[in-house]
Each structure stands twice: as structure tokens, then as C-alpha cells.
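*Asks:* One file is attached below, entry18.cif, containing mmCIF, C-alpha atoms.
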data_entry
loop_
_atom_site.label_atom_id
_atom_site.label_comp_id
_atom_site.auth_asym_id
_atom_site.auth_seq_id
_atom_site.Cartn_x
_atom_site.Cartn_y
_atom_site.Cartn_z
CA MET B 8 0.00 0.00 0.00
CA GLY B 9 1.52 3.34 -1.08
CA VAL B 10 1.61 6.58 0.83
CA PHE B 11 -1.40 8.79 0.06
CA PHE B 12 -0.65 12.41 -0.77
CA VAL B 13 -3.01 15.39 -0.77
CA LYS B 14 -2.32 17.34 -3.98
CA THR B 15 -3.04 20.74 -5.43
CA LYS B 16 -1.99 22.73 -8.49
CA ILE B 17 -1.53 26.50 -8.41
CA THR B 18 -0.46 29.16 -10.86
CA ILE B 19 2.16 31.75 -9.95
CA THR B 20 2.34 34.88 -12.10
CA SER B 21 4.46 37.22 -9.98
CA LEU B 22 6.96 37.50 -7.17
CA GLU B 23 4.06 38.58 -4.96
CA ASP B 24 2.37 35.23 -5.65
CA THR B 25 5.59 33.51 -4.60
CA ASN B 26 5.63 35.59 -1.41
CA ILE B 27 2.01 34.66 -0.65
CA LEU B 28 2.78 30.97 -1.11
CA ALA B 29 5.84 31.26 1.15
CA ALA B 30 3.75 33.10 3.78
CA ILE B 31 1.10 30.36 3.79
CA ILE B 32 3.77 27.72 4.28
CA THR B 33 5.55 29.80 6.95
CA ASN B 34 2.31 30.00 8.94
CA ASN B 35 2.30 26.19 9.06
CA LEU B 36 5.95 25.48 9.91
CA PHE B 37 6.98 23.17 12.73
CA PRO B 38 10.37 21.84 13.88
CA GLY B 39 11.58 19.27 11.38
CA PHE B 40 9.52 20.68 8.49
CA ILE B 41 10.84 19.49 5.11
CA ILE B 42 10.17 21.04 1.70
CA GLY B 43 11.36 19.23 -1.41
CA LEU B 44 11.67 21.44 -4.49
CA THR B 45 12.13 20.35 -8.05
CA GLY B 46 11.96 22.15 -11.39
CA ASP B 47 14.19 23.17 -14.25
CA LEU B 48 17.17 25.46 -13.75
CA GLY B 49 15.85 28.98 -13.31
CA SER B 50 12.33 27.89 -12.39
CA GLY B 51 12.32 29.73 -9.06
CA LYS B 52 13.43 27.24 -6.41
CA THR B 53 15.91 29.62 -4.77
CA THR B 54 13.54 32.56 -5.20
CA PHE B 55 10.88 30.63 -3.30
CA THR B 56 13.44 29.89 -0.57
CA LYS B 57 14.30 33.61 -0.31
CA TYR B 58 10.65 34.45 0.32
CA LEU B 59 10.29 31.60 2.80
CA ALA B 60 13.31 32.90 4.73
CA LYS B 61 11.95 36.45 4.66
CA ASN B 62 8.60 35.26 6.02
CA MET B 63 10.43 33.30 8.73
CA GLY B 64 12.13 36.54 9.84
CA ILE B 65 15.54 35.65 8.42
CA SER B 66 17.22 38.75 7.01
CA ALA B 67 20.32 37.08 5.55
CA ASN B 68 20.99 37.19 1.83
CA ILE B 69 19.73 33.84 0.54
CA ASN B 70 21.45 32.42 -2.52
CA SER B 71 21.77 28.99 -4.03
CA PRO B 72 23.99 26.51 -2.20
CA THR B 73 24.81 24.78 -5.49
CA PHE B 74 28.53 24.44 -4.78
CA THR B 75 28.41 24.22 -0.98
CA ILE B 76 25.44 21.78 -0.95
CA LEU B 77 24.15 23.22 2.37
CA LYS B 78 23.72 26.69 3.85
CA ILE B 79 22.49 27.17 7.40
CA TYR B 80 20.58 30.29 8.42
CA GLU B 81 20.14 30.49 12.16
CA HIS B 82 17.05 32.05 13.66
CA GLU B 83 15.70 32.25 17.19
CA LYS B 84 12.53 30.31 16.33
CA LEU B 85 13.51 27.85 13.59
CA ASP B 86 16.78 27.54 11.70
CA LEU B 87 16.63 27.22 7.92
CA TYR B 88 18.69 24.52 6.22
CA HIS B 89 18.88 25.31 2.51
CA MET B 90 20.23 22.43 0.44
CA ASP B 91 20.91 22.08 -3.25
CA VAL B 92 21.62 18.41 -3.90
CA TYR B 93 21.87 18.67 -7.69
CA ARG B 94 25.56 17.74 -7.58
CA LEU B 95 24.82 14.66 -5.46
CA GLU B 96 23.13 12.73 -8.25
CA ASN B 97 24.98 9.42 -8.64
CA VAL B 98 27.45 10.43 -5.90
CA GLY B 99 25.84 8.70 -2.96
CA TYR B 100 24.96 9.93 0.49
CA ASP B 101 28.36 10.82 1.90
CA TYR B 102 27.40 14.35 2.91
CA GLU B 103 25.61 13.46 6.19
CA LEU B 104 22.69 15.72 5.42
CA ASP B 105 20.39 13.57 7.54
CA ASP B 106 21.47 15.49 10.67
CA TYR B 107 19.74 18.50 9.13
CA ILE B 108 16.93 16.73 7.31
CA PHE B 109 15.90 15.03 10.55
CA GLY B 110 16.84 18.02 12.72
CA ASN B 111 14.67 20.64 14.38
CA GLY B 112 14.95 23.32 11.72
CA VAL B 113 13.22 23.80 8.38
CA SER B 114 14.88 21.96 5.50
CA VAL B 115 14.43 23.21 1.96
CA ILE B 116 15.93 20.73 -0.46
CA GLU B 117 16.36 21.77 -4.08
CA TRP B 118 16.47 18.77 -6.46
CA TYR B 119 15.19 16.54 -3.63
CA THR B 120 14.57 13.64 -6.02
CA TYR B 121 18.34 13.07 -6.16
CA ILE B 122 18.31 12.03 -2.48
CA ASN B 123 14.76 10.69 -2.30
CA LYS B 124 15.86 7.52 -0.49
CA MET B 125 17.24 9.63 2.38
CA LEU B 126 13.97 11.46 2.94
CA PRO B 127 11.18 10.47 5.33
CA ASP B 128 7.80 9.35 4.02
CA GLU B 129 6.20 12.65 5.05
CA PHE B 130 7.29 15.97 3.57
CA LEU B 131 5.99 18.78 1.37
CA LYS B 132 6.80 18.36 -2.34
CA ILE B 133 6.71 21.27 -4.76
CA ARG B 134 7.35 20.81 -8.48
CA ILE B 135 7.72 24.07 -10.42
CA ASN B 136 7.00 24.04 -14.15
CA VAL B 137 7.93 27.10 -16.20
CA ILE B 138 5.22 27.93 -18.72
CA GLU B 139 6.61 31.28 -19.84
CA LYS B 140 8.74 34.11 -18.41
CA ASP B 141 6.42 35.15 -15.56
CA LEU B 142 4.16 32.12 -15.44
CA ARG B 143 4.76 29.05 -13.31
CA VAL B 144 2.49 26.11 -12.53
CA LEU B 145 3.27 24.49 -9.19
CA TYR B 146 2.24 20.98 -8.25
CA ILE B 147 2.20 20.69 -4.47
CA GLU B 148 1.63 17.55 -2.47
CA GLY B 149 2.01 16.37 1.08
CA ASN B 150 0.88 13.69 3.45
CA GLY B 151 0.53 13.26 7.19
CA ARG B 152 1.27 16.54 8.94
CA TYR B 153 1.75 18.22 5.56
CA GLU B 154 -1.81 17.59 4.35
CA LYS B 155 -3.04 20.67 6.24
CA VAL B 156 -0.45 22.85 4.47
CA VAL B 157 -1.54 21.62 1.04
CA LYS B 158 -5.20 22.22 1.94
CA ASN B 159 -4.39 25.77 3.15
CA ILE B 160 -2.58 26.50 -0.12
CA SER B 161 -5.44 25.01 -2.13
CA ASN B 162 -8.00 27.08 -0.19
CA ARG B 163 -6.03 30.29 -0.81
CA TYR B 164 -5.71 29.64 -4.53
CA GLY B 165 -9.23 28.29 -4.98
CA HIS B 166 -8.41 24.82 -6.35
#
Can you present the structure in this file as C-alpha cells?
*Replies:*
Amino acid sequence: MGVFFVKTKITITSLEDTNILAAIITNNLFPGFIIGLTGDLGSGKTTFTKYLAKNMGISANINSPTFTILKIYEHEKLDLYHMDVYRLENVGYDYELDDYIFGNGVSVIEWYTYINKMLPDEFLKIRINVIEKDLRVLYIEGNGRYEKVVKNISNRYGH
């Protein structure tokens, strides 16, 4: 029997839409929250993470951890662990990211499918598809504790 996921599809047409999505998710964060992001290069994964950090109250300059794999942004409420695991495809799991993935902060994992076997059964998945320059379609799914987040996003966007 497979894991059931609650799913929604939303359309993003501006940076403000991205900020609204990040705010909805921020309002639902808990220690150990995991967000898996996937989408083509330039689709907006790091931009989403910037808005999430801003909504969490993190004022640091957020940029892609493509070459460092992991960047840690400390905050008094919840730390943010921003990972880009693109370079880990076919490399294995030698980076000991599980301390962060299973830690008490918020993990945002770009290209999460490359380390899917390391991830727990429950997390929030966001796939970003670029339709045109300012138009993105996001497929969002979650199960367990993440179902509520997906439903809140769906309610906000009317799907």
C-alpha cells in the first residue's frame, strides 16, 4: 500500500504570488519541516526559498547553495537549512545531510529527487513548471502533517 498524498496545483504569475505561497507555508511550519523542491534550472526554487526565509524573519541574503550543498541560516525560532543536492546525483549519500533533514529546523531541499531515499515518508513536495517568463504552474503535495499545508494552499488559490 503506497503513501497517500493530498495534492493541489496552483499558478504563480508574480513574485508577490511567490511571497504569498511562502507566507502560507511559513504559517504552518513546525520543527523538522521538510520542503522538497524540483523544477528546471531557473524555475524559481531559490527565489521561493528567499521568500520563505523572509517570512520566517531571516534577514540574511539567501542564494543557491549549489557548490556548498548546504547553507544554514540560524534564527531564534527555527533555523533554515537550505540544500541544493543537484551535484549529489549518482554520488551517494556521503554528505551526512540527515542530521539536518531530521533536525529541528526547516529543511528546503532543491532537487530533492536526487536524495529521495534519504527522505522520510512525510514531507511537502513542490514541483515548479515554467510555462513562460512570468508564469509558473506548481504541483504541491504532502501527506501526514503536511496535508493541512496543502489544503491551506489550495483554499487560498481556490483549487
*Asks:* Please identify all polymer residues within 12 Å of Ala30 of chain B, counting all atoms listed in the file, omitting same-chain residues fewer than 3 positions from it, and present them as a VMD selection string.
*Replies:* chain B and resid 23 to 27 33 to 36 55 to 64 156 159 to 160 163
*Asks:* So that I can check the surroundings of Pro127 of chain B, please list as a list in words every protein, DNA and RNA residue that reaches within 9 Å of it, counting only C-alpha atoms and ignoring chain neighbours fewer than 4 positions away.
*Replies:*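 Within the cut-off, the hits are Ile108, Phe109 and Asn123 of chain B.
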*Asks:* Can you work out which one of B:Phe12, B:Tyr93, B:Tyr88, B:Phe130 has the shortest atom-to-atom distance to Trp118 of chain B, counting only C-alpha atoms?
*Replies:*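 Distance minimum relative to Trp118 of chain B lands on B:Tyr93.
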*Asks:* Starting from the PyMOL selection byres ((chain B and resi 132-145) around 7), expand the selection into actual residues of this file and give them as a list in words.
*Replies:* Lys16, Ile17, Thr18, Ile19, Thr20, Ser21, Ile42, Gly43, Leu44, Thr45, Gly46, Ser50, Phe130, Leu131, Tyr146, Ile147, Glu148 and Gly149 of chain B
*Asks:* Those same residues - C-alpha atoms - I'd like them written as a PDB file, in the coordinates of the input.
*Replies:*
ATOM      1  CA  LYS B  16      -1.990  22.730  -8.490  1.00  0.00           C
ATOM      2  CA  ILE B  17      -1.530  26.500  -8.410  1.00  0.00           C
ATOM      3  CA  THR B  18      -0.460  29.160 -10.860  1.00  0.00           C
ATOM      4  CA  ILE B  19       2.160  31.750  -9.950  1.00  0.00           C
ATOM      5  CA  THR B  20       2.340  34.880 -12.100  1.00  0.00           C
ATOM      6  CA  SER B  21       4.460  37.220  -9.980  1.00  0.00           C
ATOM      7  CA  ILE B  42      10.170  21.040   1.700  1.00  0.00           C
ATOM      8  CA  GLY B  43      11.360  19.230  -1.410  1.00  0.00           C
ATOM      9  CA  LEU B  44      11.670  21.440  -4.490  1.00  0.00           C
ATOM     10  CA  THR B  45      12.130  20.350  -8.050  1.00  0.00           C
ATOM     11  CA  GLY B  46      11.960  22.150 -11.390  1.00  0.00           C
ATOM     12  CA  SER B  50      12.330  27.890 -12.390  1.00  0.00           C
ATOM     13  CA  PHE B 130       7.290  15.970   3.570  1.00  0.00           C
ATOM     14  CA  LEU B 131       5.990  18.780   1.370  1.00  0.00           C
ATOM     15  CA  TYR B 146       2.240  20.980  -8.250  1.00  0.00           C
ATOM     16  CA  ILE B 147       2.200  20.690  -4.470  1.00  0.00           C
ATOM     17  CA  GLU B 148       1.630  17.550  -2.470  1.00  0.00           C
ATOM     18  CA  GLY B 149       2.010  16.370   1.080  1.00  0.00           C
TER      19      GLY B 149
END
*Asks:* So, with only C-alpha atoms as the atoms that count, which of B:Asp128, B:Lys84, B:Ile122, B:Leu48 lies closest to Glu103 of chain B?
*Replies:*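 That would be B:Ile122, the residue with the smallest distance to Glu103 of chain B.
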*Asks:* For a test of reading the model, state the distance in Å between atom CA of Arg152 of chain B and atom CA of Glu129 of chain B, rounded to one decimal.
*Replies:* 7.4 Å
*Asks:* So which residues get picked by the PyMOL selection byres ((chain B and resi 40) around 8) here, written as a ChimeraX atom specification?
*Replies:* /B:36-39,41-42,111-114,130
*Asks:* Quick one: pull the distance between atom CA of Ile76 of chain B and atom CA of Asp106 of chain B, Å, one decimal.
*Replies:*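 One can read the atom CA of Ile76 of chain B to atom CA of Asp106 of chain B distance as 13.8 Å.
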*Asks:* Please, what distance in Å, to one decimal, runs between atom CA of Met125 of chain B and atom CA of Leu77 of chain B?
*Replies:*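 Interatomic distance here is 15.2 Å.
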